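Participant: Sharing data-v2.csv (CSV, C-alpha atoms) below.
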```csv
chain,number,residue,atom,x,y,z
A,490,MET,CA,0.0,0.0,0.0
A,491,ALA,CA,2.9,2.3,0.8
A,492,ASN,CA,3.7,3.0,-2.9
A,493,ARG,CA,0.2,4.4,-3.4
A,494,ASP,CA,0.2,6.6,-0.4
A,495,PHE,CA,0.3,10.4,-0.7
A,496,LEU,CA,2.3,12.3,1.8
A,497,GLY,CA,0.6,14.2,4.6
A,498,GLU,CA,1.4,18.0,4.7
A,499,PHE,CA,4.0,17.8,7.4
A,500,GLU,CA,5.5,14.6,6.0
A,501,HIS,CA,5.9,16.3,2.7
A,502,ILE,CA,7.6,19.3,4.4
A,503,VAL,CA,10.0,17.1,6.4
A,504,LEU,CA,10.9,15.0,3.3
A,505,LEU,CA,11.7,18.1,1.3
A,506,ALA,CA,13.8,19.6,4.1
A,507,VAL,CA,15.8,16.3,4.3
A,508,LEU,CA,16.2,16.4,0.5
A,509,ARG,CA,17.6,19.9,0.8
A,510,LEU,CA,20.3,18.8,3.3
A,511,PRO,CA,22.3,16.1,1.7
A,512,ASP,CA,24.5,14.3,4.3
A,513,GLN,CA,23.6,16.9,6.9
A,514,ALA,CA,20.0,16.1,7.7
A,515,TYR,CA,19.5,15.5,11.5
A,516,GLY,CA,17.0,16.9,13.9
A,517,VAL,CA,18.5,20.4,14.4
A,518,THR,CA,19.3,21.1,10.8
A,519,VAL,CA,16.0,19.8,9.6
A,520,ARG,CA,14.2,22.0,12.1
A,521,ARG,CA,16.2,25.1,11.1
A,522,GLU,CA,15.6,24.4,7.4
A,523,ILE,CA,11.8,24.1,8.0
A,524,GLU,CA,11.6,27.2,10.2
A,525,ALA,CA,13.7,29.3,7.8
A,526,ARG,CA,11.8,28.3,4.7
A,527,THR,CA,8.2,28.0,6.0
A,528,LYS,CA,8.3,30.5,8.9
A,529,ARG,CA,6.6,27.8,10.9
A,530,GLU,CA,7.8,26.8,14.4
A,531,VAL,CA,8.1,23.1,14.8
A,532,SER,CA,9.2,21.0,17.8
A,533,ILE,CA,12.0,18.4,17.7
A,534,GLY,CA,9.5,15.8,18.9
A,535,ALA,CA,7.2,16.5,15.9
A,536,ILE,CA,10.1,16.1,13.5
A,537,TYR,CA,11.3,12.8,15.0
A,538,ALA,CA,7.8,11.4,15.2
A,539,THR,CA,7.4,12.2,11.5
A,540,LEU,CA,10.8,10.9,10.5
A,541,ASP,CA,10.2,7.7,12.4
A,542,ARG,CA,6.9,7.2,10.6
A,543,LEU,CA,8.6,8.0,7.2
A,544,GLU,CA,11.3,5.5,8.1
A,545,ALA,CA,8.7,2.8,8.9
A,546,LYS,CA,7.2,3.5,5.4
A,547,GLY,CA,10.6,3.1,3.8
A,548,TYR,CA,10.8,6.7,2.7
A,549,VAL,CA,13.9,7.7,4.7
A,550,GLN,CA,16.8,5.8,6.2
A,551,SER,CA,18.8,6.8,9.2
A,552,ARG,CA,22.3,6.2,10.5
A,553,ALA,CA,24.0,7.2,13.8
A,554,GLY,CA,26.8,9.8,13.7
A,555,ASP,CA,29.6,10.3,16.3
A,556,PRO,CA,28.8,11.6,19.8
A,557,THR,CA,30.0,15.2,20.4
A,558,PRO,CA,30.6,17.0,23.7
A,559,GLU,CA,28.1,19.9,23.0
A,560,ARG,CA,25.4,17.2,22.6
A,561,GLY,CA,26.2,15.8,26.1
A,562,GLY,CA,28.1,12.9,24.5
A,563,ARG,CA,25.1,11.9,22.5
A,564,SER,CA,25.3,11.0,18.8
A,565,LYS,CA,23.4,12.6,15.9
A,566,ARG,CA,21.0,10.6,13.8
A,567,PHE,CA,21.4,11.5,10.1
A,568,PHE,CA,18.6,10.9,7.7
A,569,ARG,CA,18.5,10.5,3.9
A,570,VAL,CA,15.6,10.1,1.5
A,571,THR,CA,15.3,6.7,-0.2
A,572,SER,CA,14.2,6.2,-3.8
A,573,GLN,CA,10.8,5.3,-2.5
A,574,GLY,CA,10.7,8.6,-0.7
A,575,VAL,CA,11.6,10.5,-3.8
A,576,SER,CA,8.8,8.7,-5.6
A,577,ALA,CA,6.4,9.6,-2.9
A,578,VAL,CA,7.3,13.3,-3.1
A,579,ASN,CA,6.9,13.2,-6.9
A,580,ARG,CA,3.6,11.4,-6.7
A,581,THR,CA,2.3,14.0,-4.2
A,582,HIS,CA,3.5,16.9,-6.3
A,583,ARG,CA,1.8,15.4,-9.4
A,584,ALA,CA,-1.4,15.1,-7.5
A,585,LEU,CA,-1.2,18.6,-6.2
A,586,ARG,CA,-0.3,20.0,-9.6
A,587,SER,CA,-3.2,18.2,-11.2
A,588,LEU,CA,-5.6,19.5,-8.6
A,589,THR,CA,-4.4,23.1,-8.9
A,590,GLU,CA,-4.3,23.1,-12.7
A,591,GLY,CA,-6.5,25.7,-14.2
A,592,LEU,CA,-7.2,27.4,-10.9
A,593,ASN,CA,-6.5,31.1,-10.7
A,594,LEU,CA,-5.2,31.1,-7.1
A,595,LEU,CA,-3.0,34.2,-7.2
A,596,GLY,CA,-5.0,37.3,-6.4
A,597,SER,CA,-8.4,35.9,-7.6
A,598,ARG,CA,-10.1,36.8,-4.4
A,599,PRO,CA,-9.6,39.6,-1.9
B,126,MET,CA,32.3,39.0,45.5
B,127,MET,CA,31.7,36.6,42.7
B,128,GLN,CA,28.2,36.0,41.5
B,129,ALA,CA,27.1,32.4,41.2
B,130,SER,CA,26.7,31.7,37.5
B,131,PRO,CA,23.5,29.7,36.5
B,132,CYS,CA,24.0,26.0,35.7
B,133,ARG,CA,25.3,25.5,32.1
B,134,HIS,CA,23.6,22.1,31.9
B,135,PRO,CA,20.1,21.7,30.5
B,136,PRO,CA,17.4,21.3,33.2
B,137,ARG,CA,17.6,17.8,34.5
B,138,LEU,CA,13.9,17.4,35.2
B,139,ALA,CA,12.9,18.4,31.6
B,140,THR,CA,15.5,16.0,30.2
B,141,TRP,CA,14.1,13.2,32.4
B,142,LEU,CA,10.6,14.0,31.3
B,143,VAL,CA,11.5,13.8,27.6
B,144,ASP,CA,13.5,10.6,28.2
B,145,LEU,CA,10.4,9.0,29.8
B,146,PHE,CA,8.3,9.5,26.7
B,147,ALA,CA,10.9,8.7,24.1
B,148,SER,CA,12.2,5.3,23.0
B,149,ALA,CA,15.9,4.6,23.7
B,150,GLU,CA,16.8,5.4,20.1
B,151,GLN,CA,14.7,8.6,20.0
B,152,ALA,CA,16.0,9.7,23.4
B,153,GLU,CA,19.6,9.6,22.2
B,154,SER,CA,19.0,11.8,19.2
B,155,ILE,CA,16.3,14.1,20.6
B,156,LEU,CA,18.1,14.8,23.9
B,157,GLY,CA,21.3,15.3,21.9
B,158,ASP,CA,19.6,17.8,19.6
B,159,LEU,CA,18.1,19.6,22.5
B,160,ALA,CA,21.5,19.8,24.3
B,161,GLU,CA,23.1,21.1,21.1
B,162,GLU,CA,20.6,23.9,20.7
B,163,PHE,CA,20.7,24.6,24.4
B,164,SER,CA,24.4,25.1,24.1
B,165,ASP,CA,24.0,27.4,21.1
B,166,ILE,CA,21.4,29.6,22.8
B,167,ALA,CA,23.4,29.7,26.1
B,168,SER,CA,26.4,31.0,24.2
B,169,THR,CA,24.4,33.7,22.3
B,170,SER,CA,21.6,34.7,24.6
B,171,GLY,CA,22.6,33.5,28.0
B,172,VAL,CA,22.0,30.4,30.2
B,173,LEU,CA,18.7,31.6,31.6
B,174,SER,CA,17.0,32.1,28.3
B,175,ALA,CA,18.5,28.8,27.1
B,176,ARG,CA,16.9,27.1,30.1
B,177,ARG,CA,13.6,28.8,29.4
B,178,TRP,CA,13.8,27.6,25.8
B,179,TYR,CA,14.7,24.1,26.9
B,180,TRP,CA,11.7,23.8,29.1
B,181,ARG,CA,9.4,25.2,26.4
B,182,GLU,CA,10.8,22.9,23.8
B,183,SER,CA,10.6,19.9,26.1
B,184,ALA,CA,6.9,20.6,26.7
B,185,LYS,CA,6.3,20.9,23.0
B,186,THR,CA,8.2,17.7,22.3
B,187,ILE,CA,6.4,15.3,24.7
B,188,PRO,CA,2.9,15.3,23.0
B,189,PRO,CA,4.1,14.2,19.6
B,190,LEU,CA,6.2,11.5,21.2
B,191,PHE,CA,3.2,10.3,23.2
B,192,GLY,CA,1.0,10.3,20.0
B,193,ALA,CA,3.7,8.5,18.0
B,194,SER,CA,4.2,5.9,20.7
B,195,PHE,CA,0.4,5.2,20.7
B,196,ARG,CA,0.1,5.1,16.9
B,197,SER,CA,3.0,2.6,16.7
B,198,ALA,CA,1.0,0.0,18.6
B,199,PRO,CA,-2.6,1.1,19.1
B,200,TRP,CA,-4.1,-2.3,19.4
B,201,SER,CA,-1.7,-3.7,22.0
B,202,LEU,CA,-1.8,-0.5,24.0
B,203,GLY,CA,-5.6,-0.5,23.8
B,204,SER,CA,-5.8,-4.1,25.0
B,205,ILE,CA,-3.5,-3.4,27.9
B,206,VAL,CA,-5.5,-0.4,29.0
B,207,LEU,CA,-8.7,-2.5,28.7
B,208,ALA,CA,-7.1,-5.4,30.6
B,209,GLY,CA,-6.6,-3.0,33.6
B,210,PHE,CA,-10.4,-2.4,33.9
B,211,PRO,CA,-11.4,-5.9,35.0
B,212,LEU,CA,-8.5,-5.9,37.4
B,213,GLN,CA,-9.5,-2.6,39.0
B,214,TRP,CA,-13.1,-3.7,39.1
B,215,LEU,CA,-12.4,-7.2,40.6
B,216,GLY,CA,-10.1,-5.6,43.2
B,217,ALA,CA,-12.6,-2.9,44.1
B,218,THR,CA,-13.5,-4.4,47.5
B,219,LEU,CA,-10.3,-6.5,48.0
B,220,PRO,CA,-8.4,-3.9,50.2
B,221,GLU,CA,-11.4,-3.5,52.5
B,222,ARG,CA,-11.8,-7.3,52.9
B,223,VAL,CA,-8.0,-7.8,53.5
B,224,ILE,CA,-7.9,-5.0,56.1
B,225,MET,CA,-10.9,-6.1,58.0
B,226,ALA,CA,-9.6,-9.7,58.1
B,227,ILE,CA,-6.3,-8.4,59.5
B,228,LEU,CA,-8.1,-6.2,62.1
B,229,ARG,CA,-10.2,-9.1,63.2
B,230,ALA,CA,-7.2,-11.3,63.6
B,231,GLN,CA,-5.0,-8.8,65.3
B,232,ARG,CA,-7.6,-7.0,67.4
B,233,PRO,CA,-5.5,-3.8,67.9
B,234,TYR,CA,-8.3,-2.1,69.9
B,235,SER,CA,-8.2,-4.8,72.6
B,236,ASN,CA,-4.5,-4.3,73.2
B,237,LEU,CA,-4.0,-0.7,74.4
B,238,ARG,CA,-3.5,0.5,70.8
B,239,TYR,CA,-6.9,2.2,70.4
B,240,GLU,CA,-5.4,5.3,68.8
B,241,LEU,CA,-3.8,3.1,66.1
B,242,TYR,CA,-7.1,1.3,65.6
B,243,LEU,CA,-8.9,4.7,65.1
B,244,TRP,CA,-6.2,5.8,62.7
B,245,LEU,CA,-6.5,2.5,60.8
B,246,ILE,CA,-10.3,2.8,60.7
B,247,ASN,CA,-10.0,6.3,59.2
B,248,TYR,CA,-7.2,6.0,56.8
B,249,ASP,CA,-6.3,2.4,56.0
B,250,ILE,CA,-8.9,1.7,53.3
B,251,PRO,CA,-8.1,4.8,51.2
B,252,ILE,CA,-4.4,4.0,51.6
B,253,ALA,CA,-5.0,0.4,50.6
B,254,CYS,CA,-7.1,1.4,47.6
B,255,LEU,CA,-4.2,3.7,46.6
B,256,VAL,CA,-1.7,0.9,47.0
B,257,LYS,CA,-3.9,-1.4,45.0
B,258,SER,CA,-4.3,1.1,42.2
B,259,VAL,CA,-0.5,1.6,42.1
B,260,LEU,CA,0.1,-2.1,41.9
B,261,ILE,CA,-2.4,-2.4,39.0
B,262,GLY,CA,-0.7,0.6,37.4
B,263,CYS,CA,2.7,-1.3,37.7
B,264,LEU,CA,1.1,-4.4,36.2
B,265,VAL,CA,-0.2,-2.3,33.2
B,266,ALA,CA,3.3,-0.8,32.9
B,267,VAL,CA,5.0,-4.2,32.8
B,268,LEU,CA,2.5,-5.4,30.1
B,269,GLY,CA,3.2,-2.2,28.1
B,270,GLU,CA,6.9,-3.2,27.8
B,271,GLY,CA,8.8,-0.4,26.0
B,272,ARG,CA,5.8,2.0,26.3
B,273,GLU,CA,5.3,1.9,30.1
B,274,VAL,CA,4.6,5.6,30.6
B,275,VAL,CA,2.2,5.8,27.7
B,276,ALA,CA,0.3,2.7,28.9
B,277,THR,CA,0.0,3.8,32.5
B,278,LEU,CA,-0.9,7.4,31.6
B,279,MET,CA,-3.6,6.2,29.1
B,280,PHE,CA,-5.0,3.8,31.7
B,281,THR,CA,-5.1,6.5,34.4
B,282,VAL,CA,-6.8,9.0,32.1
B,283,VAL,CA,-9.3,6.4,30.8
B,284,TRP,CA,-10.0,5.1,34.3
B,285,THR,CA,-10.4,8.5,36.0
B,286,ALA,CA,-12.2,10.4,33.1
B,287,PRO,CA,-15.7,9.1,34.0
B,288,PHE,CA,-15.2,10.0,37.7
B,289,VAL,CA,-13.9,13.4,36.9
B,290,THR,CA,-16.8,14.0,34.5
B,291,LEU,CA,-19.3,12.9,37.2
B,292,VAL,CA,-17.7,15.2,39.8
B,293,VAL,CA,-17.9,18.1,37.3
B,294,LEU,CA,-21.5,17.3,36.5
B,295,ALA,CA,-22.3,17.1,40.2
B,296,TYR,CA,-21.0,20.5,40.8
B,297,ALA,CA,-22.5,21.9,37.7
B,298,HIS,CA,-26.0,20.4,38.3
B,299,ASN,CA,-27.0,21.3,41.8
B,300,ALA,CA,-25.4,20.9,45.2
B,301,ASP,CA,-28.7,19.8,46.8
B,302,ARG,CA,-30.0,17.4,44.2
B,303,GLU,CA,-28.4,14.1,43.2
B,304,PRO,CA,-26.4,14.6,39.9
B,305,PRO,CA,-27.3,12.6,36.8
B,306,PHE,CA,-25.5,9.3,36.5
B,307,ALA,CA,-24.9,9.2,40.3
B,308,SER,CA,-26.2,5.7,40.5
B,309,VAL,CA,-23.6,4.6,37.9
B,310,PHE,CA,-20.9,6.3,40.0
B,311,HIS,CA,-22.1,4.5,43.1
B,312,PHE,CA,-22.2,1.2,41.3
B,313,PHE,CA,-18.6,1.4,40.1
B,314,VAL,CA,-17.1,2.9,43.3
B,315,PHE,CA,-19.0,1.4,46.1
B,316,ARG,CA,-20.3,-1.9,44.7
```
I'd like the structure from this file rewritten - as structure tokens, please.

Facilitator:
Amino acid sequence: MANRDFLGEFEHIVLLAVLRLPDQAYGVTVRREIEARTKREVSIGAIYATLDRLEAKGYVQSRAGDPTPERGGRSKRFFRVTSQGVSAVNRTHRALRSLTEGLNLLGSRP
Amino acid sequence: MMQASPCRHPPRLATWLVDLFASAEQAESILGDLAEEFSDIASTSGVLSARRWYWRESAKTIPPLFGASFRSAPWSLGSIVLAGFPLQWLGATLPERVIMAILRAQRPYSNLRYELYLWLINYDIPIACLVKSVLIGCLVAVLGEGREVVATLMFTVVWTAPFVTLVVLAYAHNADREPPFASVFHFFVFR
């Protein structure tokens, strides 16, 4: 069923943020990327809950980095989007494009 | 005289609370991320504002972790919570029966310990009920292996919600008249 699924709004945002951060996508950077580009405040918990769900669906993969002192000796968890994840993003974009085609959304209503 | 500088470590209580709701793998990465951002904010805006940020962020982090934990195994968690109900129900009069049996066997009132007897009469059954509920909560936690906090919290909320609702209804209705559903409340609590 997973390959027919469309992404939820936040899943979509998180996947795009991970795609924008090749080899550097972990909780802090993903959060900063989302906040910088969408001006939307998100919690670390929401990001990890979404990334875990996406990992269960096979859309992202994670690996542990090295522990660092400023993290209290804890390691980072880096994420990368899988080919299934890229397909899911494309599928969702196609569906959205198809739904918005022909609509005059810019400045049509006050 | 030197002023004591605020602690440069993230608040331990907030860290502990996040750790409670996160799985081992999540805790490692989430607490690491929070510590990294705490360290950044502490160096730019000061430790106090970093501590405030850490508390706020921890509070915002717990609900999604709770939701994710439930969504990862809704059926098993639901079954565990439901399994707690018959246990609570079957054990409703157990503490009272045990205590009365002990009192009958020991007869503290006949042995110059009348004050102790009075104290027991007043407080032992509520205390025993509390102990019984804690034990059932522990059992629910053991059954919810890996999701102990989520299982016990859900059980507590589901178990107490009808009583809290009835108390609110009783206040809202009328102090002199019996509130609606009072008979249901009496059935479950004093049966």

Participant: Select, counting all atoms listed in the file, all protein, DNA and RNA residues no farther than 10 Å from (5.1, 3.6, 24.0) in file coordinates, and express the selection as a JSON list (two decimals) with C-alpha atoms, in the frame of the given file.

Facilitator:
```
[["chain", "number", "residue", "atom", "x", "y", "z"],
["B", 145, "LEU", "CA", 10.40, 9.00, 29.80],
["B", 146, "PHE", "CA", 8.30, 9.50, 26.70],
["B", 147, "ALA", "CA", 10.90, 8.70, 24.10],
["B", 148, "SER", "CA", 12.20, 5.30, 23.00],
["B", 190, "LEU", "CA", 6.20, 11.50, 21.20],
["B", 191, "PHE", "CA", 3.20, 10.30, 23.20],
["B", 192, "GLY", "CA", 1.00, 10.30, 20.00],
["B", 193, "ALA", "CA", 3.70, 8.50, 18.00],
["B", 194, "SER", "CA", 4.20, 5.90, 20.70],
["B", 195, "PHE", "CA", 0.40, 5.20, 20.70],
["B", 196, "ARG", "CA", 0.10, 5.10, 16.90],
["B", 197, "SER", "CA", 3.00, 2.60, 16.70],
["B", 198, "ALA", "CA", 1.00, 0.00, 18.60],
["B", 199, "PRO", "CA", -2.60, 1.10, 19.10],
["B", 202, "LEU", "CA", -1.80, -0.50, 24.00],
["B", 269, "GLY", "CA", 3.20, -2.20, 28.10],
["B", 270, "GLU", "CA", 6.90, -3.20, 27.80],
["B", 271, "GLY", "CA", 8.80, -0.40, 26.00],
["B", 272, "ARG", "CA", 5.80, 2.00, 26.30],
["B", 273, "GLU", "CA", 5.30, 1.90, 30.10],
["B", 274, "VAL", "CA", 4.60, 5.60, 30.60],
["B", 275, "VAL", "CA", 2.20, 5.80, 27.70],
["B", 276, "ALA", "CA", 0.30, 2.70, 28.90],
["B", 277, "THR", "CA", 0.00, 3.80, 32.50]]
```

Participant: Can you measure CA of Val292 (chain B) to CA of Gln213 (chain B) for me? One decimal in Å is fine.

Facilitator: 19.6 Å

Participant: Using all atoms listed in the file for the distances, tell me which of A:Gly562, A:Pro511, A:Gly534, A:Gly574 is nearest to chain B.

Facilitator: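 Under the stated criterion, the closest residue is A:Gly534.
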
Participant: With chain A as the partner and 12 Å as the cut-off, tabulate the residues of chain B that qualify, each row holding the nearest pair of atoms and their distance in Å to one decimal, using all atoms listed in the file, sorted by chain and rising number, as CSV.

Facilitator:
```
residue,atom,partner,partner_atom,distance
B:Arg133,CA,A:Glu559,CA,11.0
B:His134,CA,A:Gly561,CA,8.9
B:Pro135,CA,A:Gly561,CA,9.6
B:Thr140,CA,A:Gly561,CA,11.5
B:Val143,CA,A:Gly534,CA,9.1
B:Asp144,CA,A:Gly534,CA,11.4
B:Phe146,CA,A:Gly534,CA,10.1
B:Ala147,CA,A:Gly534,CA,8.9
B:Ser148,CA,A:Ala538,CA,10.8
B:Ala149,CA,A:Arg563,CA,11.8
B:Glu150,CA,A:Arg566,CA,9.2
B:Gln151,CA,A:Tyr537,CA,7.4
B:Ala152,CA,A:Arg563,CA,9.4
B:Glu153,CA,A:Arg563,CA,6.0
B:Ser154,CA,A:Lys565,CA,5.6
B:Ile155,CA,A:Ile533,CA,6.7
B:Leu156,CA,A:Arg563,CA,7.7
B:Gly157,CA,A:Arg560,CA,4.6
B:Asp158,CA,A:Val517,CA,5.9
B:Leu159,CA,A:Arg560,CA,7.7
B:Ala160,CA,A:Arg560,CA,5.0
B:Glu161,CA,A:Arg560,CA,4.8
B:Glu162,CA,A:Val517,CA,7.5
B:Phe163,CA,A:Glu559,CA,8.9
B:Ser164,CA,A:Glu559,CA,6.5
B:Asp165,CA,A:Glu559,CA,8.8
B:Ile166,CA,A:Glu559,CA,11.8
B:Ala167,CA,A:Glu559,CA,11.3
B:Ser168,CA,A:Glu559,CA,11.3
B:Trp178,CA,A:Ser532,CA,11.3
B:Tyr179,CA,A:Ser532,CA,11.1
B:Trp180,CA,A:Ser532,CA,11.9
B:Arg181,CA,A:Ser532,CA,9.6
B:Glu182,CA,A:Ser532,CA,6.5
B:Ser183,CA,A:Gly534,CA,8.4
B:Ala184,CA,A:Ser532,CA,9.2
B:Lys185,CA,A:Ser532,CA,6.0
B:Thr186,CA,A:Gly534,CA,4.1
B:Ile187,CA,A:Gly534,CA,6.6
B:Pro188,CA,A:Gly534,CA,7.8
B:Pro189,CA,A:Ala535,CA,5.3
B:Leu190,CA,A:Gly534,CA,5.9
B:Phe191,CA,A:Ala538,CA,9.3
B:Gly192,CA,A:Ala538,CA,8.4
B:Ala193,CA,A:Ala538,CA,5.7
B:Ser194,CA,A:Ala538,CA,8.6
B:Phe195,CA,A:Ala538,CA,11.1
B:Arg196,CA,A:Arg542,CA,9.5
B:Ser197,CA,A:Arg542,CA,8.6
```

Participant: Just to be explicit: take each residue in the selection above, keep C-alpha atoms, and write the result as a short mmCIF file (atom, residue, chain, number, x, y, z; two decimals), keeping the file's coordinate frame.

Facilitator:
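In the end it all went to selection24.cif:
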```cif
data_model
loop_
_atom_site.label_atom_id
_atom_site.label_comp_id
_atom_site.auth_asym_id
_atom_site.auth_seq_id
_atom_site.Cartn_x
_atom_site.Cartn_y
_atom_site.Cartn_z
CA ARG B 133 25.30 25.50 32.10
CA HIS B 134 23.60 22.10 31.90
CA PRO B 135 20.10 21.70 30.50
CA THR B 140 15.50 16.00 30.20
CA VAL B 143 11.50 13.80 27.60
CA ASP B 144 13.50 10.60 28.20
CA PHE B 146 8.30 9.50 26.70
CA ALA B 147 10.90 8.70 24.10
CA SER B 148 12.20 5.30 23.00
CA ALA B 149 15.90 4.60 23.70
CA GLU B 150 16.80 5.40 20.10
CA GLN B 151 14.70 8.60 20.00
CA ALA B 152 16.00 9.70 23.40
CA GLU B 153 19.60 9.60 22.20
CA SER B 154 19.00 11.80 19.20
CA ILE B 155 16.30 14.10 20.60
CA LEU B 156 18.10 14.80 23.90
CA GLY B 157 21.30 15.30 21.90
CA ASP B 158 19.60 17.80 19.60
CA LEU B 159 18.10 19.60 22.50
CA ALA B 160 21.50 19.80 24.30
CA GLU B 161 23.10 21.10 21.10
CA GLU B 162 20.60 23.90 20.70
CA PHE B 163 20.70 24.60 24.40
CA SER B 164 24.40 25.10 24.10
CA ASP B 165 24.00 27.40 21.10
CA ILE B 166 21.40 29.60 22.80
CA ALA B 167 23.40 29.70 26.10
CA SER B 168 26.40 31.00 24.20
CA TRP B 178 13.80 27.60 25.80
CA TYR B 179 14.70 24.10 26.90
CA TRP B 180 11.70 23.80 29.10
CA ARG B 181 9.40 25.20 26.40
CA GLU B 182 10.80 22.90 23.80
CA SER B 183 10.60 19.90 26.10
CA ALA B 184 6.90 20.60 26.70
CA LYS B 185 6.30 20.90 23.00
CA THR B 186 8.20 17.70 22.30
CA ILE B 187 6.40 15.30 24.70
CA PRO B 188 2.90 15.30 23.00
CA PRO B 189 4.10 14.20 19.60
CA LEU B 190 6.20 11.50 21.20
CA PHE B 191 3.20 10.30 23.20
CA GLY B 192 1.00 10.30 20.00
CA ALA B 193 3.70 8.50 18.00
CA SER B 194 4.20 5.90 20.70
CA PHE B 195 0.40 5.20 20.70
CA ARG B 196 0.10 5.10 16.90
CA SER B 197 3.00 2.60 16.70
#
```

Participant: Name the residues within 12 Å of (5.4, 6.3, 3.8), counting only C-alpha atoms in the file's coordinates, and put them as a ChimeraX atom specification.

Facilitator: /A:490-497,500-501,504,539-550,570-578,580-581

Participant: Which one is closest to Lys257 (chain B): B:Ile224, B:Leu219, B:Leu243, B:Met279? Count only C-alpha atoms.

Facilitator: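 Looking at the shortest contact to Lys257 (chain B), the residue is B:Leu219.
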
Participant: Quick one: distance from CA of Asn579 (chain A) to CA of Ser551 (chain A) in Å, one decimal?

Facilitator: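 That distance, rounded to one decimal, is 21.0 Å.
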
Participant: Using Å and a single decimal, report how far CA of Ile523 (chain A) sits from CA of Phe499 (chain A).

Facilitator: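 Atom-to-atom, CA of Phe499 (chain A) and CA of Ile523 (chain A) are spaced 10.0 Å apart.
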
Participant: Could you give me the axis-aligned bounding box of region 539-547 of chain A, with 6 Å of padding per side, as centre plus edge lengths in Å to one decimal, as lines of an AutoDock Vina configuration file?

Facilitator:
```
center_x = 9.1
center_y = 7.5
center_z = 8.1
size_x = 16.4
size_y = 21.4
size_z = 20.6
```

Participant: Give me, as a PDB file with C-alpha atoms, in the frame of the given file, all polymer residues having an atom no more than 10 Å from Ser258 (chain B), counting all atoms listed in the file and skipping those fewer than 2 positions away in the same chain.

Facilitator:
```pdb
ATOM      1  CA  GLY B 209      -6.600  -3.000  33.600  1.00  0.00           C
ATOM      2  CA  LEU B 212      -8.500  -5.900  37.400  1.00  0.00           C
ATOM      3  CA  GLN B 213      -9.500  -2.600  39.000  1.00  0.00           C
ATOM      4  CA  GLY B 216     -10.100  -5.600  43.200  1.00  0.00           C
ATOM      5  CA  ALA B 217     -12.600  -2.900  44.100  1.00  0.00           C
ATOM      6  CA  ILE B 252      -4.400   4.000  51.600  1.00  0.00           C
ATOM      7  CA  ALA B 253      -5.000   0.400  50.600  1.00  0.00           C
ATOM      8  CA  CYS B 254      -7.100   1.400  47.600  1.00  0.00           C
ATOM      9  CA  LEU B 255      -4.200   3.700  46.600  1.00  0.00           C
ATOM     10  CA  VAL B 256      -1.700   0.900  47.000  1.00  0.00           C
ATOM     11  CA  LEU B 260       0.100  -2.100  41.900  1.00  0.00           C
ATOM     12  CA  ILE B 261      -2.400  -2.400  39.000  1.00  0.00           C
ATOM     13  CA  GLY B 262      -0.700   0.600  37.400  1.00  0.00           C
ATOM     14  CA  CYS B 263       2.700  -1.300  37.700  1.00  0.00           C
ATOM     15  CA  LEU B 264       1.100  -4.400  36.200  1.00  0.00           C
ATOM     16  CA  THR B 281      -5.100   6.500  34.400  1.00  0.00           C
TER      17      THR B 281
END
```

Participant: Which polymer residues have any atom within 9 Å of an atom of Val519 (chain A), counting only C-alpha atoms, with same-chain residues fewer than 5 positions away left out, as a list in words?

Facilitator: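 My list of contacting residues is Val503, Ala506, Val507, Arg509, Leu510, Gln513, Ala514, Glu524 and Ile536 of chain A.
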